[in-house]
>>> print(open('target_19.cif').read())   # mmCIF, C-alpha atoms and all ligand atoms; chains and numbers go by the auth columns
data_data
#
loop_
_atom_site.group_PDB
_atom_site.id
_atom_site.type_symbol
_atom_site.label_atom_id
_atom_site.label_comp_id
_atom_site.label_asym_id
_atom_site.label_seq_id
_atom_site.Cartn_x
_atom_site.Cartn_y
_atom_site.Cartn_z
_atom_site.B_iso_or_equiv
_atom_site.auth_seq_id
_atom_site.auth_asym_id
ATOM 1 C CA MET A 1 152.176 -11.386 151.359 0.00 22 A
ATOM 2 C CA LEU A 2 152.883 -8.183 149.485 0.00 23 A
ATOM 3 C CA PRO A 3 154.650 -8.541 146.150 0.00 24 A
ATOM 4 C CA PRO A 4 158.386 -8.021 146.778 0.00 25 A
ATOM 5 C CA ASP A 5 158.537 -4.773 144.795 0.00 26 A
ATOM 6 C CA ARG A 6 155.748 -3.136 146.715 0.00 27 A
ATOM 7 C CA PHE A 7 157.050 -4.493 149.975 0.00 28 A
ATOM 8 C CA ASN A 8 160.489 -3.129 149.265 0.00 29 A
ATOM 9 C CA ASP A 9 159.100 0.265 148.385 0.00 30 A
ATOM 10 C CA GLU A 10 157.315 0.385 151.717 0.00 31 A
ATOM 11 C CA PHE A 11 159.760 -1.261 154.048 0.00 32 A
ATOM 12 C CA GLY A 12 162.953 -2.146 152.184 0.00 33 A
ATOM 13 C CA SER A 13 165.102 0.432 150.517 0.00 34 A
ATOM 14 C CA SER A 14 163.024 3.229 152.004 0.00 35 A
ATOM 15 C CA ASP A 15 164.291 2.530 155.519 0.00 36 A
ATOM 16 C CA ASP A 16 167.815 3.461 154.681 0.00 37 A
ATOM 17 C CA GLY A 17 169.065 5.547 157.553 0.00 38 A
ATOM 18 C CA GLN A 18 166.397 4.370 160.020 0.00 39 A
ATOM 19 C CA LEU A 19 166.902 2.487 163.214 0.00 40 A
ATOM 20 C CA LEU A 20 166.099 -1.209 162.894 0.00 41 A
ATOM 21 C CA ARG A 21 165.867 -3.772 165.656 0.00 42 A
ATOM 22 C CA THR A 22 167.154 -7.265 164.903 0.00 43 A
ATOM 23 C CA LEU A 23 165.894 -9.949 167.240 0.00 44 A
ATOM 24 C CA VAL A 24 166.874 -13.579 166.733 0.00 45 A
ATOM 25 C CA TYR A 25 165.624 -16.289 169.057 0.00 46 A
ATOM 26 C CA CYS A 26 165.270 -20.029 169.198 0.00 47 A
ATOM 27 C CA SER A 27 162.548 -22.058 170.894 0.00 48 A
ATOM 28 C CA SER A 28 161.236 -25.612 171.223 0.00 49 A
ATOM 29 C CA ALA A 29 158.082 -26.492 169.336 0.00 50 A
ATOM 30 C CA ALA A 30 155.267 -27.663 171.625 0.00 51 A
ATOM 31 C CA THR A 31 153.991 -31.226 171.455 0.00 52 A
ATOM 32 C CA GLY A 32 151.649 -31.705 168.516 0.00 53 A
ATOM 33 C CA VAL A 33 153.025 -28.836 166.433 0.00 54 A
ATOM 34 C CA ASP A 34 153.071 -30.082 162.839 0.00 55 A
ATOM 35 C CA ALA A 35 153.371 -28.678 159.320 0.00 56 A
ATOM 36 C CA GLY A 36 149.765 -27.468 159.451 0.00 57 A
ATOM 37 C CA THR A 37 150.438 -25.511 162.633 0.00 58 A
ATOM 38 C CA VAL A 38 153.527 -23.929 161.102 0.00 59 A
ATOM 39 C CA SER A 39 151.522 -22.929 157.993 0.00 60 A
ATOM 40 C CA GLN A 40 149.012 -21.173 160.248 0.00 61 A
ATOM 41 C CA ILE A 41 151.782 -19.334 162.059 0.00 62 A
ATOM 42 C CA ILE A 42 153.240 -18.186 158.735 0.00 63 A
ATOM 43 C CA ALA A 43 149.852 -17.032 157.421 0.00 64 A
ATOM 44 C CA THR A 44 149.249 -14.944 160.568 0.00 65 A
ATOM 45 C CA ALA A 45 152.790 -13.625 160.471 0.00 66 A
ATOM 46 C CA GLN A 46 152.666 -12.536 156.845 0.00 67 A
ATOM 47 C CA THR A 47 149.505 -10.514 157.380 0.00 68 A
ATOM 48 C CA TYR A 48 150.603 -8.924 160.642 0.00 69 A
ATOM 49 C CA ASN A 49 154.227 -8.321 159.724 0.00 70 A
ATOM 50 C CA SER A 50 153.492 -6.679 156.392 0.00 71 A
ATOM 51 C CA ARG A 51 151.253 -4.203 158.249 0.00 72 A
ATOM 52 C CA HIS A 52 153.876 -3.435 160.879 0.00 73 A
ATOM 53 C CA GLY A 53 157.038 -3.163 158.812 0.00 74 A
ATOM 54 C CA ILE A 54 158.528 -6.422 160.087 0.00 75 A
ATOM 55 C CA THR A 55 160.538 -8.766 157.886 0.00 76 A
ATOM 56 C CA GLY A 56 162.459 -11.955 158.560 0.00 77 A
ATOM 57 C CA ILE A 57 162.602 -15.718 158.398 0.00 78 A
ATOM 58 C CA LEU A 58 161.252 -18.575 160.465 0.00 79 A
ATOM 59 C CA VAL A 59 163.293 -21.763 160.450 0.00 80 A
ATOM 60 C CA SER A 60 161.410 -24.876 161.497 0.00 81 A
ATOM 61 C CA GLY A 61 162.760 -28.387 161.883 0.00 82 A
ATOM 62 C CA GLY A 62 163.774 -31.029 164.386 0.00 83 A
ATOM 63 C CA GLY A 63 161.333 -29.722 166.986 0.00 84 A
ATOM 64 C CA LEU A 64 162.984 -26.303 167.051 0.00 85 A
ATOM 65 C CA PHE A 65 162.170 -22.846 165.779 0.00 86 A
ATOM 66 C CA PHE A 66 164.683 -20.157 164.916 0.00 87 A
ATOM 67 C CA GLN A 67 163.276 -16.785 163.958 0.00 88 A
ATOM 68 C CA TRP A 68 164.925 -13.633 162.641 0.00 89 A
ATOM 69 C CA LEU A 69 162.784 -10.531 163.146 0.00 90 A
ATOM 70 C CA GLU A 70 163.781 -7.078 161.931 0.00 91 A
ATOM 71 C CA GLY A 71 161.805 -3.859 161.925 0.00 92 A
ATOM 72 C CA PRO A 72 161.164 -0.638 163.847 0.00 93 A
ATOM 73 C CA PRO A 73 162.199 -1.253 167.491 0.00 94 A
ATOM 74 C CA ASP A 74 158.696 -0.650 168.937 0.00 95 A
ATOM 75 C CA SER A 75 157.044 -2.955 166.399 0.00 96 A
ATOM 76 C CA VAL A 76 159.522 -5.763 167.035 0.00 97 A
ATOM 77 C CA ALA A 77 159.113 -5.390 170.812 0.00 98 A
ATOM 78 C CA THR A 78 155.317 -5.529 170.568 0.00 99 A
ATOM 79 C CA LEU A 79 155.398 -8.572 168.300 0.00 100 A
ATOM 80 C CA MET A 80 157.920 -10.374 170.488 0.00 101 A
ATOM 81 C CA GLY A 81 155.634 -9.782 173.479 0.00 102 A
ATOM 82 C CA ARG A 82 152.921 -11.732 171.628 0.00 103 A
ATOM 83 C CA ILE A 83 155.208 -14.461 170.314 0.00 104 A
ATOM 84 C CA ILE A 84 156.649 -15.209 173.746 0.00 105 A
ATOM 85 C CA LEU A 85 153.151 -15.955 175.094 0.00 106 A
ATOM 86 C CA ASP A 86 152.312 -18.366 172.248 0.00 107 A
ATOM 87 C CA SER A 87 151.685 -21.883 173.569 0.00 108 A
ATOM 88 C CA ARG A 88 152.802 -23.477 170.294 0.00 109 A
ATOM 89 C CA HIS A 89 156.382 -23.180 171.497 0.00 110 A
ATOM 90 C CA ASN A 90 158.303 -22.874 174.741 0.00 111 A
ATOM 91 C CA THR A 91 161.789 -22.204 176.130 0.00 112 A
ATOM 92 C CA VAL A 92 162.185 -19.079 174.041 0.00 113 A
ATOM 93 C CA VAL A 93 165.847 -18.014 174.183 0.00 114 A
ATOM 94 C CA THR A 94 166.966 -14.725 172.657 0.00 115 A
ATOM 95 C CA LEU A 95 170.211 -15.187 170.721 0.00 116 A
ATOM 96 C CA THR A 96 170.764 -11.637 169.593 0.00 117 A
ATOM 97 C CA GLU A 97 168.984 -8.333 169.940 0.00 118 A
ATOM 98 C CA SER A 98 170.389 -5.069 168.658 0.00 119 A
ATOM 99 C CA ASP A 99 169.311 -1.715 167.291 0.00 120 A
ATOM 100 C CA ASP A 100 171.314 -0.393 164.366 0.00 121 A
ATOM 101 C CA VAL A 101 170.945 1.975 161.462 0.00 122 A
ATOM 102 C CA ARG A 102 171.307 -0.440 158.572 0.00 123 A
ATOM 103 C CA GLU A 103 169.585 -2.020 155.617 0.00 124 A
ATOM 104 C CA ARG A 104 167.347 -5.014 156.141 0.00 125 A
ATOM 105 C CA VAL A 105 168.869 -8.450 155.705 0.00 126 A
ATOM 106 C CA PHE A 106 165.566 -10.050 154.662 0.00 127 A
ATOM 107 C CA GLY A 107 163.826 -6.981 153.243 0.00 128 A
ATOM 108 C CA GLN A 108 161.734 -8.920 150.728 0.00 129 A
ATOM 109 C CA TRP A 109 160.314 -11.425 153.198 0.00 130 A
ATOM 110 C CA ASP A 110 157.494 -10.410 155.523 0.00 131 A
ATOM 111 C CA MET A 111 158.019 -13.845 157.103 0.00 132 A
ATOM 112 C CA GLU A 112 159.480 -16.640 155.035 0.00 133 A
ATOM 113 C CA LEU A 113 159.382 -20.234 156.208 0.00 134 A
ATOM 114 C CA VAL A 114 162.762 -21.862 155.670 0.00 135 A
ATOM 115 C CA PRO A 115 163.027 -25.616 156.221 0.00 136 A
ATOM 116 C CA ALA A 116 165.948 -26.563 158.446 0.00 137 A
ATOM 117 C CA ASP A 117 167.832 -28.224 155.569 0.00 138 A
ATOM 118 C CA GLY A 118 167.690 -25.029 153.470 0.00 139 A
ATOM 119 C CA ILE A 119 168.832 -22.614 156.123 0.00 140 A
ATOM 120 C CA ARG A 120 172.580 -22.677 155.497 0.00 141 A
ATOM 121 C CA GLU A 121 172.090 -21.602 151.926 0.00 142 A
ATOM 122 C CA VAL A 122 169.798 -18.749 153.009 0.00 143 A
ATOM 123 C CA LEU A 123 172.210 -17.584 155.714 0.00 144 A
ATOM 124 C CA ASN A 124 175.238 -17.849 153.434 0.00 145 A
ATOM 125 C CA ASP A 125 173.499 -15.790 150.765 0.00 146 A
ATOM 126 C CA ALA A 126 172.553 -13.199 153.369 0.00 147 A
ATOM 127 C CA LEU A 127 176.103 -13.155 154.739 0.00 148 A
ATOM 128 C CA GLY A 128 177.399 -12.447 151.249 0.00 149 A
ATOM 129 C CA GLU A 129 175.088 -9.456 150.927 0.00 150 A
ATOM 130 C CA VAL A 130 175.047 -7.701 154.272 0.00 151 A
ATOM 131 C CA LYS A 131 177.493 -4.873 154.800 0.00 152 A
ATOM 132 C CA ASP A 132 177.210 -4.034 158.476 0.00 153 A
ATOM 133 C CA ALA A 133 179.142 -5.822 161.188 0.00 154 A
ATOM 134 C CA ALA A 134 176.165 -6.314 163.533 0.00 155 A
ATOM 135 C CA SER A 135 174.185 -8.247 160.914 0.00 156 A
ATOM 136 C CA LYS A 136 177.226 -10.365 160.060 0.00 157 A
ATOM 137 C CA ARG A 137 177.709 -11.229 163.720 0.00 158 A
ATOM 138 C CA ALA A 138 174.034 -12.133 164.129 0.00 159 A
ATOM 139 C CA LEU A 139 174.068 -14.349 161.034 0.00 160 A
ATOM 140 C CA ARG A 140 177.223 -16.158 162.176 0.00 161 A
ATOM 141 C CA LEU A 141 175.751 -16.691 165.646 0.00 162 A
ATOM 142 C CA LEU A 142 172.603 -18.179 164.142 0.00 163 A
ATOM 143 C CA MET A 143 174.703 -20.520 161.995 0.00 164 A
ATOM 144 C CA ARG A 144 176.646 -21.708 165.044 0.00 165 A
ATOM 145 C CA LYS A 145 173.437 -22.322 166.995 0.00 166 A
ATOM 146 C CA LEU A 146 172.018 -24.315 164.108 0.00 167 A
ATOM 147 C CA ASP A 147 175.211 -26.390 163.954 0.00 168 A
ATOM 148 C CA ASN A 148 174.889 -27.134 167.658 0.00 169 A
ATOM 149 C CA ALA A 149 171.223 -28.079 167.250 0.00 170 A
ATOM 150 C CA ASP A 150 172.193 -30.499 164.438 0.00 171 A
ATOM 151 C CA ASN A 151 174.819 -32.112 166.606 0.00 172 A
ATOM 152 C CA GLY A 152 172.308 -32.773 169.355 0.00 173 A
HETATM 153 C C1 LIG B . 157.536 -19.709 166.396 0.00 201 A
HETATM 154 C C2 LIG B . 156.476 -18.667 166.195 0.00 201 A
HETATM 155 C C3 LIG B . 156.725 -17.569 165.391 0.00 201 A
HETATM 156 C C4 LIG B . 155.756 -16.591 165.190 0.00 201 A
HETATM 157 N N1 LIG B . 156.031 -15.515 164.399 0.00 201 A
HETATM 158 C C5 LIG B . 155.089 -14.557 164.211 0.00 201 A
HETATM 159 C C6 LIG B . 155.368 -13.423 163.416 0.00 201 A
HETATM 160 O O1 LIG B . 156.446 -13.239 162.847 0.00 201 A
HETATM 161 N N2 LIG B . 154.348 -12.503 163.265 0.00 201 A
HETATM 162 C C7 LIG B . 153.117 -12.650 163.859 0.00 201 A
HETATM 163 O O2 LIG B . 152.263 -11.798 163.698 0.00 201 A
HETATM 164 N N3 LIG B . 152.850 -13.727 164.611 0.00 201 A
HETATM 165 C C8 LIG B . 153.799 -14.680 164.809 0.00 201 A
HETATM 166 N N4 LIG B . 153.514 -15.764 165.585 0.00 201 A
HETATM 167 C C9 LIG B . 152.159 -15.875 166.142 0.00 201 A
HETATM 168 C C10 LIG B . 151.992 -15.050 167.403 0.00 201 A
HETATM 169 O O3 LIG B . 152.633 -15.708 168.480 0.00 201 A
HETATM 170 C C11 LIG B . 150.506 -14.844 167.728 0.00 201 A
HETATM 171 O O4 LIG B . 149.840 -16.044 167.693 0.00 201 A
HETATM 172 C C12 LIG B . 149.864 -13.921 166.724 0.00 201 A
HETATM 173 O O5 LIG B . 150.555 -12.714 166.689 0.00 201 A
HETATM 174 C C13 LIG B . 148.389 -13.675 167.051 0.00 201 A
HETATM 175 O O6 LIG B . 148.310 -13.114 168.335 0.00 201 A
HETATM 176 P P1 LIG B . 146.934 -13.094 169.135 0.00 201 A
HETATM 177 O O7 LIG B . 146.562 -14.539 169.311 0.00 201 A
HETATM 178 O O8 LIG B . 147.275 -12.384 170.414 0.00 201 A
HETATM 179 O O9 LIG B . 145.984 -12.369 168.264 0.00 201 A
HETATM 180 C C14 LIG B . 154.482 -16.741 165.813 0.00 201 A
HETATM 181 C C15 LIG B . 154.246 -17.840 166.633 0.00 201 A
HETATM 182 C C16 LIG B . 155.226 -18.812 166.828 0.00 201 A
HETATM 183 C C17 LIG B . 154.923 -19.999 167.704 0.00 201 A
#
>>> encode(input="target_19.cif", output="structure tokens")
Amino acid sequence: MLPPDRFNDEFGSSDDGQLLRTLVYCSSAATGVDAGTVSQIIATAQTYNSRHGITGILVSGGGLFFQWLEGPPDSVATLMGRIILDSRHNTVVTLTESDDVRERVFGQWDMELVPADGIREVLNDALGEVKDAASKRALRLLMRKLDNADNG
């Protein structure tokens, strides 16, 4: 993972005024996926994402994944094409996908693992910081989906 300052210089504040794709999906973890598997996913993601200008979070818990990806539209599309084929999860459902000129919501995180019980705090903090309506909508949608997942 790049140090936050360097990462921000490359992909954070410097993309002001550029088109960013936000893609948020949820999926079911495959049988046998454990903490070790998730660590491997994060290690791969941090290397790949930092090279391709992608930032975001991966929420893991209760047999589900939620992932927020943001970056140049082509890079996000290419990555999502790989992720969708990954046998470590299935039933990948896109919750939101939009292209907007905006600042990154998770500009310091090339892919941060957030445990399910810490996600509300992360999303609330992000909601307090984002300025554009599309990001606010996406964050609220993710919160609602997480609430539904909690309630079975
Ligand atoms: C839930 C989940 C999230 C993932 N997120 C990323 C990611 O953000 N970046 C990444 O490079 N790989 C991610 N991966 C791994 C990719 O699906 C894939 O294994 C990786 O890009 C290596 O691809 P390859 O096996 O074709 O070389 C994720 C996998 C899963 C199951």
>>> closest_residue(input="target_19.cif", among="A:Cys47, A:Ala56, A:Ala66, A:Leu40", to="ligand LIG 201 (chain A)", atoms="all atoms listed in the file")
A:Ala66
>>> residues_near_ligand(input="target_19.cif", ligand="ligand LIG 201 (chain A)", cutoff="10 Å", atoms="all atoms listed in the file", output="VMD selection string")
chain A and resid 46 to 51 54 58 to 59 61 to 73 75 to 81 85 to 91 97 99 to 111 113 131 to 134
>>> residues_around(input="target_19.cif", residues="stretch 147-149 of chain A", least_positions_apart="5", cutoff="10 Å", atoms="all atoms listed in the file", output="MDAnalysis selection string")
chainID A and resid 126:127 141:142 156:161
>>> closest_residue(input="target_19.cif", among="A:Leu167, A:Pro94, A:Val143, A:Arg42", to="A:Trp130", atoms="all atoms listed in the file")
A:Val143
>>> atom_distance(input="target_19.cif", atom1="atom CA of A:Val135", atom2="atom CA of A:Val45")
14.4 Å
>>> atom_distance(input="target_19.cif", atom1="atom CA of A:Lys152", atom2="atom CA of A:Pro93")
19.1 Å
>>> atom_distance(input="target_19.cif", atom1="atom CA of A:Gly139", atom2="atom CA of A:Glu118")
23.5 Å
>>> closest_residue(input="target_19.cif", among="A:Leu41, A:Leu162, A:Ala98, A:Val151", to="A:Asp120", atoms="all atoms listed in the file")
A:Leu41
>>> build_atoms(input="target_19.cif", residues="stretch 42-70 of chain A", atoms="N, CA and C atoms", output="compact mmCIF listing (two decimals), in the frame of the given file")
# COMPACT_ATOMS: atom_id res chain seq x y z
N ARG A 42 165.53 -2.77 164.63
CA ARG A 42 165.87 -3.77 165.66
C ARG A 42 165.96 -5.15 165.00
N THR A 43 167.03 -5.87 165.31
CA THR A 43 167.15 -7.26 164.90
C THR A 43 166.97 -8.10 166.16
N LEU A 44 166.07 -9.05 166.10
CA LEU A 44 165.89 -9.95 167.24
C LEU A 44 165.87 -11.36 166.69
N VAL A 45 166.81 -12.19 167.16
CA VAL A 45 166.87 -13.58 166.73
C VAL A 45 166.72 -14.44 167.97
N TYR A 46 165.80 -15.39 167.91
CA TYR A 46 165.62 -16.29 169.06
C TYR A 46 165.48 -17.71 168.57
N CYS A 47 165.64 -18.65 169.49
CA CYS A 47 165.27 -20.03 169.20
C CYS A 47 164.30 -20.50 170.27
N SER A 48 163.53 -21.52 169.95
CA SER A 48 162.55 -22.06 170.89
C SER A 48 162.28 -23.52 170.54
N SER A 49 161.64 -24.22 171.47
CA SER A 49 161.24 -25.61 171.22
C SER A 49 159.78 -25.62 170.82
N ALA A 50 159.48 -26.36 169.75
CA ALA A 50 158.08 -26.49 169.34
C ALA A 50 157.33 -27.31 170.38
N ALA A 51 156.08 -26.93 170.65
CA ALA A 51 155.27 -27.66 171.62
C ALA A 51 154.85 -29.01 171.03
N THR A 52 154.48 -29.91 171.91
CA THR A 52 153.99 -31.23 171.46
C THR A 52 152.79 -31.03 170.53
N GLY A 53 152.79 -31.77 169.43
CA GLY A 53 151.65 -31.70 168.52
C GLY A 53 151.78 -30.66 167.43
N VAL A 54 152.82 -29.85 167.49
CA VAL A 54 153.02 -28.84 166.43
C VAL A 54 153.49 -29.55 165.17
N ASP A 55 152.73 -29.40 164.09
CA ASP A 55 153.07 -30.08 162.84
C ASP A 55 153.12 -29.07 161.69
N ALA A 56 153.24 -29.58 160.47
CA ALA A 56 153.37 -28.68 159.32
C ALA A 56 152.16 -27.75 159.19
N GLY A 57 150.98 -28.29 159.54
CA GLY A 57 149.76 -27.47 159.45
C GLY A 57 149.82 -26.29 160.43
N THR A 58 150.32 -26.58 161.63
CA THR A 58 150.44 -25.51 162.63
C THR A 58 151.39 -24.44 162.13
N VAL A 59 152.52 -24.89 161.56
CA VAL A 59 153.53 -23.93 161.10
C VAL A 59 152.95 -23.09 159.95
N SER A 60 152.15 -23.71 159.08
CA SER A 60 151.52 -22.93 157.99
C SER A 60 150.62 -21.84 158.56
N GLN A 61 149.90 -22.19 159.64
CA GLN A 61 149.01 -21.17 160.25
C GLN A 61 149.82 -20.03 160.83
N ILE A 62 150.93 -20.38 161.47
CA ILE A 62 151.78 -19.33 162.06
C ILE A 62 152.27 -18.41 160.94
N ILE A 63 152.70 -18.99 159.84
CA ILE A 63 153.24 -18.19 158.74
C ILE A 63 152.15 -17.29 158.14
N ALA A 64 150.94 -17.84 158.00
CA ALA A 64 149.85 -17.03 157.42
C ALA A 64 149.56 -15.82 158.31
N THR A 65 149.47 -16.06 159.63
CA THR A 65 149.25 -14.94 160.57
C THR A 65 150.38 -13.94 160.47
N ALA A 66 151.60 -14.49 160.44
CA ALA A 66 152.79 -13.62 160.47
C ALA A 66 152.84 -12.74 159.22
N GLN A 67 152.53 -13.32 158.08
CA GLN A 67 152.67 -12.54 156.84
C GLN A 67 151.68 -11.36 156.82
N THR A 68 150.48 -11.60 157.35
CA THR A 68 149.50 -10.51 157.38
C THR A 68 149.94 -9.43 158.37
N TYR A 69 150.26 -9.88 159.58
CA TYR A 69 150.60 -8.92 160.64
C TYR A 69 151.89 -8.17 160.31
N ASN A 70 152.91 -8.93 159.91
CA ASN A 70 154.23 -8.32 159.72
C ASN A 70 154.22 -7.30 158.59
